[in-house]
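Structure file coords_12.txt; described as compact mmCIF, C-alpha atoms and all ligand atoms.
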```
# COMPACT_ATOMS: atom_id res chain seq x y z
CA MET G 1181 -13.89 -6.67 -18.15
CA LEU G 1182 -15.25 -7.76 -14.78
CA ASP G 1183 -16.60 -11.03 -16.25
CA LEU G 1184 -13.16 -11.92 -17.58
CA ILE G 1185 -11.68 -11.96 -14.09
CA ASP G 1186 -11.43 -15.42 -12.51
CA LYS G 1187 -12.80 -14.97 -8.98
CA GLU G 1188 -10.98 -18.13 -7.88
CA LYS G 1189 -7.59 -16.72 -8.80
CA LEU G 1190 -7.65 -13.28 -7.27
CA PRO G 1191 -4.49 -11.89 -5.71
CA LYS G 1192 -5.06 -11.90 -1.97
CA HIS G 1193 -3.12 -8.70 -1.50
CA ILE G 1194 -2.66 -5.82 -3.95
CA ALA G 1195 -0.19 -3.03 -3.17
CA ILE G 1196 -0.27 0.23 -5.07
CA ILE G 1197 2.28 3.02 -5.49
CA MET G 1198 -0.08 5.89 -6.19
CA ASP G 1199 2.17 8.04 -8.34
CA GLY G 1200 1.72 10.95 -10.75
CA ASN G 1201 -0.50 13.41 -8.88
CA GLY G 1202 1.98 16.22 -9.43
CA ARG G 1203 2.37 15.58 -13.15
CA TRP G 1204 -1.39 15.26 -13.56
CA ALA G 1205 -1.83 18.70 -11.98
CA LYS G 1206 1.02 20.21 -13.99
CA GLU G 1207 -0.59 19.07 -17.23
CA ARG G 1208 -3.59 21.15 -16.16
CA ASP G 1209 -1.52 24.14 -15.07
CA LYS G 1210 -2.54 23.60 -11.49
CA ASP G 1211 -0.81 23.36 -8.16
CA ARG G 1212 0.50 19.91 -7.13
CA LEU G 1213 -2.02 19.79 -4.29
CA PHE G 1214 -4.82 19.91 -6.84
CA GLY G 1215 -3.48 16.59 -8.11
CA HIS G 1216 -3.38 15.10 -4.64
CA GLN G 1217 -6.98 16.18 -4.02
CA HIS G 1218 -8.11 14.45 -7.20
CA GLY G 1219 -6.18 11.36 -6.19
CA VAL G 1220 -8.64 10.83 -3.35
CA MET G 1221 -11.35 9.90 -5.87
CA SER G 1222 -9.08 7.17 -7.21
CA VAL G 1223 -8.53 5.86 -3.70
CA ARG G 1224 -12.29 5.59 -3.29
CA GLU G 1225 -12.52 3.77 -6.63
CA VAL G 1226 -9.89 1.15 -5.83
CA VAL G 1227 -11.25 0.54 -2.35
CA GLU G 1228 -14.71 -0.02 -3.82
CA GLY G 1229 -13.33 -2.04 -6.70
CA CYS G 1230 -11.38 -4.33 -4.37
CA SER G 1231 -14.38 -4.78 -2.08
CA GLU G 1232 -16.67 -5.60 -4.98
CA ILE G 1233 -14.60 -8.42 -6.36
CA GLY G 1234 -13.38 -9.78 -3.03
CA ILE G 1235 -9.74 -8.71 -2.66
CA LYS G 1236 -8.84 -9.12 1.01
CA TYR G 1237 -5.85 -6.79 1.40
CA LEU G 1238 -5.10 -3.48 -0.30
CA THR G 1239 -2.02 -1.47 0.62
CA LEU G 1240 -1.72 2.10 -0.61
CA TYR G 1241 1.61 3.92 -0.53
CA ALA G 1242 0.44 7.36 0.47
CA PHE G 1243 3.56 9.01 1.92
CA SER G 1244 7.14 7.75 2.00
CA THR G 1245 9.89 8.53 4.49
CA GLU G 1246 11.58 10.43 1.67
CA ASN G 1247 8.45 12.49 0.99
CA TRP G 1248 9.23 14.49 4.17
CA ASN G 1249 11.86 16.19 2.01
CA ARG G 1250 9.25 17.79 -0.23
CA PRO G 1251 8.49 21.52 0.07
CA GLU G 1252 6.90 22.36 3.39
CA ASN G 1253 3.59 23.51 1.94
CA GLU G 1254 3.13 20.26 0.01
CA VAL G 1255 3.84 18.15 3.11
CA LYS G 1256 1.41 20.24 5.13
CA GLY G 1257 -1.22 20.03 2.38
CA LEU G 1258 -0.86 16.25 2.19
CA MET G 1259 -1.26 15.85 5.96
CA GLU G 1260 -4.35 18.05 5.96
CA LEU G 1261 -5.80 16.14 3.02
CA LEU G 1262 -5.17 12.87 4.80
CA VAL G 1263 -7.01 14.00 7.91
CA ALA G 1264 -9.91 15.52 5.97
CA THR G 1265 -10.28 12.33 3.93
CA ILE G 1266 -10.19 9.99 6.90
CA ARG G 1267 -12.70 12.19 8.71
CA LYS G 1268 -15.03 12.13 5.72
CA GLU G 1269 -14.67 8.45 4.82
CA ALA G 1270 -14.26 6.65 8.16
CA GLU G 1271 -17.96 6.11 8.65
CA SER G 1272 -18.54 4.64 5.20
CA LEU G 1273 -15.42 2.46 5.45
CA SER G 1274 -16.74 1.19 8.73
CA LYS G 1275 -20.18 0.42 7.27
CA ASN G 1276 -18.71 -1.34 4.27
CA GLY G 1277 -16.70 -3.85 6.27
CA VAL G 1278 -13.33 -2.19 5.66
CA ARG G 1279 -10.70 -2.41 8.37
CA LEU G 1280 -8.07 0.32 8.37
CA HIS G 1281 -4.42 -0.30 9.23
CA VAL G 1282 -1.43 2.00 9.10
CA ILE G 1283 2.13 0.87 8.43
CA GLY G 1284 5.01 3.29 8.80
CA ASP G 1285 6.42 5.56 11.44
CA MET G 1286 3.08 6.82 12.78
CA GLU G 1287 4.83 8.76 15.54
CA SER G 1288 6.51 11.01 13.01
CA LEU G 1289 3.12 12.25 11.77
CA PRO G 1290 1.65 15.44 13.26
CA GLU G 1291 -0.30 14.78 16.44
CA TYR G 1292 -3.68 15.67 14.88
CA CYS G 1293 -3.10 13.06 12.12
CA GLN G 1294 -2.24 10.38 14.63
CA VAL G 1295 -5.40 11.07 16.62
CA GLU G 1296 -7.63 10.96 13.54
CA LEU G 1297 -6.01 7.78 12.24
CA GLN G 1298 -6.19 6.05 15.60
CA GLU G 1299 -9.89 6.82 15.82
CA ALA G 1300 -10.57 5.34 12.40
CA ILE G 1301 -8.41 2.29 13.18
CA THR G 1302 -10.40 1.67 16.36
CA MET G 1303 -13.73 2.36 14.69
CA THR G 1304 -13.08 -0.27 12.00
CA GLU G 1305 -11.21 -2.87 14.06
CA LYS G 1306 -14.01 -5.44 14.02
CA ASN G 1307 -14.26 -5.48 10.22
CA ASP G 1308 -12.60 -8.02 8.01
CA GLN G 1309 -14.08 -7.85 4.54
CA LEU G 1310 -11.26 -5.72 3.15
CA HIS G 1311 -8.10 -4.75 5.01
CA LEU G 1312 -7.06 -1.30 3.83
CA VAL G 1313 -3.45 -0.65 4.74
CA LEU G 1314 -2.13 2.90 4.44
CA ALA G 1315 1.63 3.21 4.17
CA LEU G 1316 2.36 6.55 5.82
CA SER G 1317 5.82 7.83 6.57
CA TYR G 1318 6.79 4.37 5.43
CA SER G 1319 9.94 3.05 3.86
CA SER G 1320 11.31 -0.47 3.68
CA LYS G 1321 14.77 0.54 4.83
CA TRP G 1322 13.25 2.12 7.95
CA GLU G 1323 11.13 -0.96 8.57
CA ILE G 1324 13.94 -3.49 8.07
CA LEU G 1325 16.35 -1.54 10.27
CA LYS G 1326 13.72 -1.33 12.98
CA ALA G 1327 13.23 -5.10 12.81
CA VAL G 1328 16.98 -5.72 13.00
CA LYS G 1329 17.33 -3.46 16.05
CA GLU G 1330 14.46 -5.21 17.85
CA ILE G 1331 15.88 -8.66 17.11
CA VAL G 1332 19.41 -7.71 18.17
CA GLY G 1333 17.90 -6.29 21.38
CA GLN G 1334 16.22 -9.62 22.10
CA VAL G 1335 19.43 -11.51 21.41
CA ASN G 1336 21.39 -9.17 23.70
CA ARG G 1337 18.88 -9.73 26.49
CA ASN G 1338 19.18 -13.51 25.95
CA GLU G 1339 15.53 -13.74 24.95
CA LEU G 1340 16.36 -15.15 21.53
CA ARG G 1341 19.18 -17.29 20.16
CA VAL G 1342 20.74 -16.37 16.83
CA GLU G 1343 20.10 -19.88 15.48
CA ASP G 1344 16.39 -19.42 16.20
CA ILE G 1345 16.04 -16.40 13.91
CA THR G 1346 13.87 -17.81 11.15
CA GLU G 1347 11.96 -16.09 8.36
CA GLU G 1348 8.91 -16.29 10.58
CA VAL G 1349 10.67 -14.61 13.50
CA PHE G 1350 11.92 -11.89 11.18
CA ARG G 1351 8.54 -11.21 9.62
CA ASN G 1352 7.01 -10.86 13.08
CA HIS G 1353 9.14 -7.75 13.53
CA LEU G 1354 7.95 -6.12 10.32
CA THR G 1355 5.08 -3.62 10.39
CA THR G 1356 3.23 -5.99 8.05
CA LYS G 1357 3.42 -8.95 10.40
CA ASP G 1358 -0.26 -9.86 10.20
CA ILE G 1359 -0.60 -9.11 6.51
CA PRO G 1360 0.15 -11.64 3.76
CA ASP G 1361 2.78 -10.62 1.21
CA PRO G 1362 1.44 -8.67 -1.77
CA GLU G 1363 0.96 -10.79 -4.86
CA LEU G 1364 0.41 -7.89 -7.21
CA MET G 1365 2.08 -4.48 -7.09
CA ILE G 1366 0.75 -1.70 -9.28
CA ARG G 1367 2.62 1.56 -9.92
CA THR G 1368 0.92 4.32 -11.84
CA SER G 1369 2.40 7.11 -13.90
CA GLY G 1370 5.13 5.29 -15.79
CA GLU G 1371 8.05 5.09 -13.35
CA HIS G 1372 9.61 1.63 -13.17
CA ARG G 1373 10.90 1.62 -9.64
CA ILE G 1374 9.95 0.47 -6.15
CA SER G 1375 10.85 3.66 -4.24
CA ASN G 1376 11.54 1.95 -0.91
CA PHE G 1377 8.16 0.19 -0.78
CA LEU G 1378 7.70 -3.30 0.78
CA LEU G 1379 11.08 -4.50 -0.52
CA TYR G 1380 11.14 -7.62 1.63
CA GLN G 1381 7.46 -8.43 1.23
CA MET G 1382 7.53 -8.10 -2.55
CA ALA G 1383 10.12 -10.83 -3.06
CA TYR G 1384 7.66 -12.72 -5.28
CA ALA G 1385 5.11 -10.06 -6.18
CA GLU G 1386 4.09 -9.59 -9.80
CA LEU G 1387 4.88 -6.03 -10.83
CA TYR G 1388 2.50 -4.06 -13.03
CA PHE G 1389 3.25 -0.61 -14.40
CA THR G 1390 0.84 1.70 -16.16
CA HIS G 1391 1.26 5.15 -17.67
CA THR G 1392 -2.07 6.31 -16.23
CA HIS G 1393 -1.54 9.03 -13.63
CA TRP G 1394 -3.03 8.21 -10.24
CA PRO G 1395 -5.90 10.78 -10.40
CA ASP G 1396 -7.10 9.10 -13.62
CA PHE G 1397 -6.97 5.57 -12.19
CA ARG G 1398 -10.43 3.97 -12.08
CA LYS G 1399 -11.94 0.55 -11.33
CA LYS G 1400 -11.43 -0.53 -14.91
CA ASN G 1401 -7.68 0.16 -14.59
CA LEU G 1402 -7.62 -1.97 -11.46
CA TYR G 1403 -9.45 -4.79 -13.21
CA GLU G 1404 -7.05 -4.53 -16.16
CA ALA G 1405 -4.13 -5.01 -13.76
CA ILE G 1406 -5.80 -8.01 -12.11
CA LEU G 1407 -6.49 -9.60 -15.51
CA ASN G 1408 -2.88 -9.07 -16.49
CA PHE G 1409 -1.83 -10.72 -13.21
CA GLN G 1410 -4.05 -13.71 -13.90
CA ASN G 1411 -2.39 -14.29 -17.23
CA ARG G 1412 1.07 -14.63 -15.74
CA GLU G 1413 2.76 -17.84 -14.76
CA ARG G 1414 4.07 -17.63 -11.20
CA ARG G 1415 6.81 -20.21 -10.94
CA PHE G 1416 8.42 -19.45 -7.56
CA GLY G 1417 11.71 -20.88 -8.74
CA LYS G 1418 10.28 -24.05 -10.22
CA ILE G 1419 9.93 -24.88 -13.91
CA SER G 1420 6.72 -24.57 -15.86
CA GLU G 1421 6.07 -28.34 -16.08
CA GLN G 1422 6.12 -28.70 -12.31
CA LEU G 1423 3.20 -26.40 -11.87
CA TYR G 1424 0.45 -28.47 -13.43
C1 LIG G 1501 2.17 10.64 -5.69
O1 LIG G 1501 2.22 11.63 -6.65
C2 LIG G 1501 1.71 11.13 -4.34
C3 LIG G 1501 2.76 11.19 -3.31
C4 LIG G 1501 3.99 10.83 -3.45
C5 LIG G 1501 2.37 11.71 -2.02
P1 LIG G 1501 3.48 12.58 -6.79
O2 LIG G 1501 3.27 13.76 -5.92
O3 LIG G 1501 4.73 11.83 -6.58
O4 LIG G 1501 3.36 13.01 -8.32
P2 LIG G 1501 4.53 13.17 -9.38
O5 LIG G 1501 5.31 11.89 -9.36
O6 LIG G 1501 5.36 14.33 -8.94
O7 LIG G 1501 3.84 13.40 -10.67
C1 LIG G 1502 6.57 7.05 -4.10
O1 LIG G 1502 6.37 8.09 -4.99
C2 LIG G 1502 5.90 7.35 -2.82
C3 LIG G 1502 4.44 7.43 -2.86
C4 LIG G 1502 3.67 7.18 -3.88
C5 LIG G 1502 3.82 7.78 -1.63
P1 LIG G 1502 7.48 9.22 -5.22
O2 LIG G 1502 6.96 10.11 -6.28
O3 LIG G 1502 7.82 9.85 -3.93
O4 LIG G 1502 8.71 8.36 -5.72
P2 LIG G 1502 10.01 8.79 -6.53
O5 LIG G 1502 10.63 9.90 -5.76
O6 LIG G 1502 9.57 9.22 -7.88
O7 LIG G 1502 10.84 7.55 -6.58
MG MG G 1503 5.99 10.83 -7.81
```

How does this structure look as structure tokens?
Amino acid sequence: MLDLIDKEKLPKHIAIIMDGNGRWAKERDKDRLFGHQHGVMSVREVVEGCSEIGIKYLTLYAFSTENWNRPENEVKGLMELLVATIRKEAESLSKNGVRLHVIGDMESLPEYCQVELQEAITMTEKNDQLHLVLALSYSSKWEILKAVKEIVGQVNRNELRVEDITEEVFRNHLTTKDIPDPELMIRTSGEHRISNFLLYQMAYAELYFTHTHWPDFRKKNLYEAILNFQNRERRFGKISEQLY
């Protein structure tokens, strides 16, 4: 599979909605948290897989704004799992040239999560082989509203004129400002929806859906998605004949 992938035509940025942990656990008569714990292995796999073939940006949707509405024990379990995982993996991420970023409302996370994340972000800040972006307490509606409020504030203070609001100005107010738009979006576990993820940034992303639940997702599933991506014609509004 790996030899079929054209290394010259890799998506620069892959974004993944890691879905299906709960269903995976339910199929095994286990608690939902058991599914989340097994999902960590898949995270390791895709991070390694992306590093190995030379993907530069990987964004993982780990916790949405709406996920705060889940039962309290699940939210608490997810936060604890996040901290335990970062603590365990930070060193090896750092050694392997991975730079960690977080997008989302970091301040809404429990204090101990923020501290752990900040440490890992600082520890890896010199790396640039693979940018690993965790979307935590993230939603596009939150992000876009935040951008609008900041821009309106600048206009009100006469720091910016309305006619100078370009796409570039707007994107500089998004949490992804230094990150190129995702070219490939993968969602596991069979749901065909975006669930408030990178709505603006995915304007031209190729969407790939698989029935595999997240805890079963391995490198070969990632490579399958990349191959599928490479066989698509991305026209960006033009017609086929203009592309070649
Ligand atoms: C994805 O799996 C993980 C998070 C949203 C945190 P789910 O927990 O959504 O699993 P399903 O969709 O209920 O199977
Ligand atoms: C999306 O999954 C959020 C994450 C994967 C973190 P959900 O399971 O929360 O999405 P819905 O509720 O099925 O749309
Ligand atoms: Mg789900």

Excluding Glu1386 in chain G and any residue of its chain fewer than 5 positions from it, enumerate the residues within 8 Å of it, using all atoms listed in the file, and give them as JSON, numbers by chain.
{"G": [1363, 1364, 1365, 1409]}

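Nearest to Thr1245 in chain G of all the residues G:Arg1412, G:Lys1321, G:Arg1267, G:Lys1357 is G:Lys1321, based on all atoms listed in the file.
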
Taking all atoms listed in the file into account, report as number ranges by chain which residues have an atom no farther than 10 Å from an atom of ligand LIG 1502 (chain G).
G: 1196-1203, 1240-1250, 1314-1319, 1367-1377, 1394

From G:Leu1312, G:Glu1339, G:Ile1406, G:Gly1229, residue lying nearest Tyr1388 in chain G [all atoms listed in the file]
G:Ile1406

Specify the axis-aligned box that encloses all atoms of range 1240-1252 of chain G listed in the file after padding of 4 Å on each side, stating its centre and edge lengths in Å to one decimal as AutoDock Vina command-line options.
```
--center_x 5.1 --center_y 12.2 --center_z 1.9 --size_x 21.6 --size_y 28.3 --size_z 13.1
```

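Note that the spacing between CA of Ser1231 in chain G and CA of Glu1299 in chain G amounts to 21.8 Å.
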
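Residue nearest ligand MG 1503 (chain G) within the list G:Ile1194, G:Gln1422, G:Glu1188, G:Arg1212: G:Arg1212 [criterion: smallest interatomic distance, all atoms listed in the file].
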
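You will find CA of Leu1423 in chain G at 19.2 Å from CA of Ala1383 in chain G.
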
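Between ligand MG 1503 (chain G) and the candidates G:Leu1190, G:Ile1301, G:Leu1379, G:Ala1205, the tightest atom-to-atom separation, counting only C-alpha atoms and all ligand atoms, involves G:Ala1205.
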
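Nearest-residue note for ligand LIG 1501 (chain G): choosing from G:Asn1336, G:Ser1420, G:Asn1411, G:Ser1222, the minimum distance belongs to G:Ser1222, counting only C-alpha atoms and all ligand atoms.
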
Test item: residues at most 9 Å from range 1331-1334 of chain G, only C-alpha atoms, excluding those fewer than 5 positions along its chain, as a ChimeraX atom specification:
/G:1326,1339-1342,1345,1349-1350,1353

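CA of Glu1254 in chain G lies 11.0 Å from atom O6 of ligand LIG 1501 (chain G).
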
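Taking all atoms listed in the file into account, Leu1182 in chain G lies nearest to G:Cys1230 out of the set G:Leu1280, G:Cys1230, G:Leu1378, G:Met1259.
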
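Within 8 Å of the file-frame point (-15.8, 10.3, -1.2), and using only C-alpha atoms, the polymer residues found are G:Val1220, G:Met1221, G:Arg1224, G:Thr1265, G:Lys1268, G:Glu1269.
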
Please provide the set of residues having any atom within 8 Å of Gly1257 in chain G, restricted to only C-alpha atoms, with same-chain residues fewer than 4 positions apart removed, written as number ranges by chain.
G: 1213, 1253, 1261

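Once Ser1274 in chain G and its same-chain neighbours fewer than 6 positions away are set aside, G:Leu1280, G:Ala1300, G:Met1303, G:Thr1304, G:Glu1305, G:Lys1306, G:Asn1307 remain within 9 Å of it when counting all atoms listed in the file.
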
Counting all atoms listed in the file, note down every residue that has an atom within 10 Å of the point (-13.5, -8.9, 4.3) (file coordinates), as a ChimeraX atom specification.
/G:1231,1234-1237,1276-1279,1307-1312

Would you save the residues from that selection as a JSON list (two decimals), in the coordinates of the input, using C-alpha atoms?
```json
[["chain", "number", "residue", "atom", "x", "y", "z"],
["G", 1231, "SER", "CA", -14.38, -4.78, -2.08],
["G", 1234, "GLY", "CA", -13.38, -9.78, -3.03],
["G", 1235, "ILE", "CA", -9.74, -8.71, -2.66],
["G", 1236, "LYS", "CA", -8.84, -9.12, 1.01],
["G", 1237, "TYR", "CA", -5.85, -6.79, 1.40],
["G", 1276, "ASN", "CA", -18.71, -1.34, 4.27],
["G", 1277, "GLY", "CA", -16.70, -3.85, 6.27],
["G", 1278, "VAL", "CA", -13.33, -2.19, 5.66],
["G", 1279, "ARG", "CA", -10.70, -2.41, 8.37],
["G", 1307, "ASN", "CA", -14.26, -5.48, 10.22],
["G", 1308, "ASP", "CA", -12.60, -8.02, 8.01],
["G", 1309, "GLN", "CA", -14.08, -7.85, 4.54],
["G", 1310, "LEU", "CA", -11.26, -5.72, 3.15],
["G", 1311, "HIS", "CA", -8.10, -4.75, 5.01],
["G", 1312, "LEU", "CA", -7.06, -1.30, 3.83]]
```
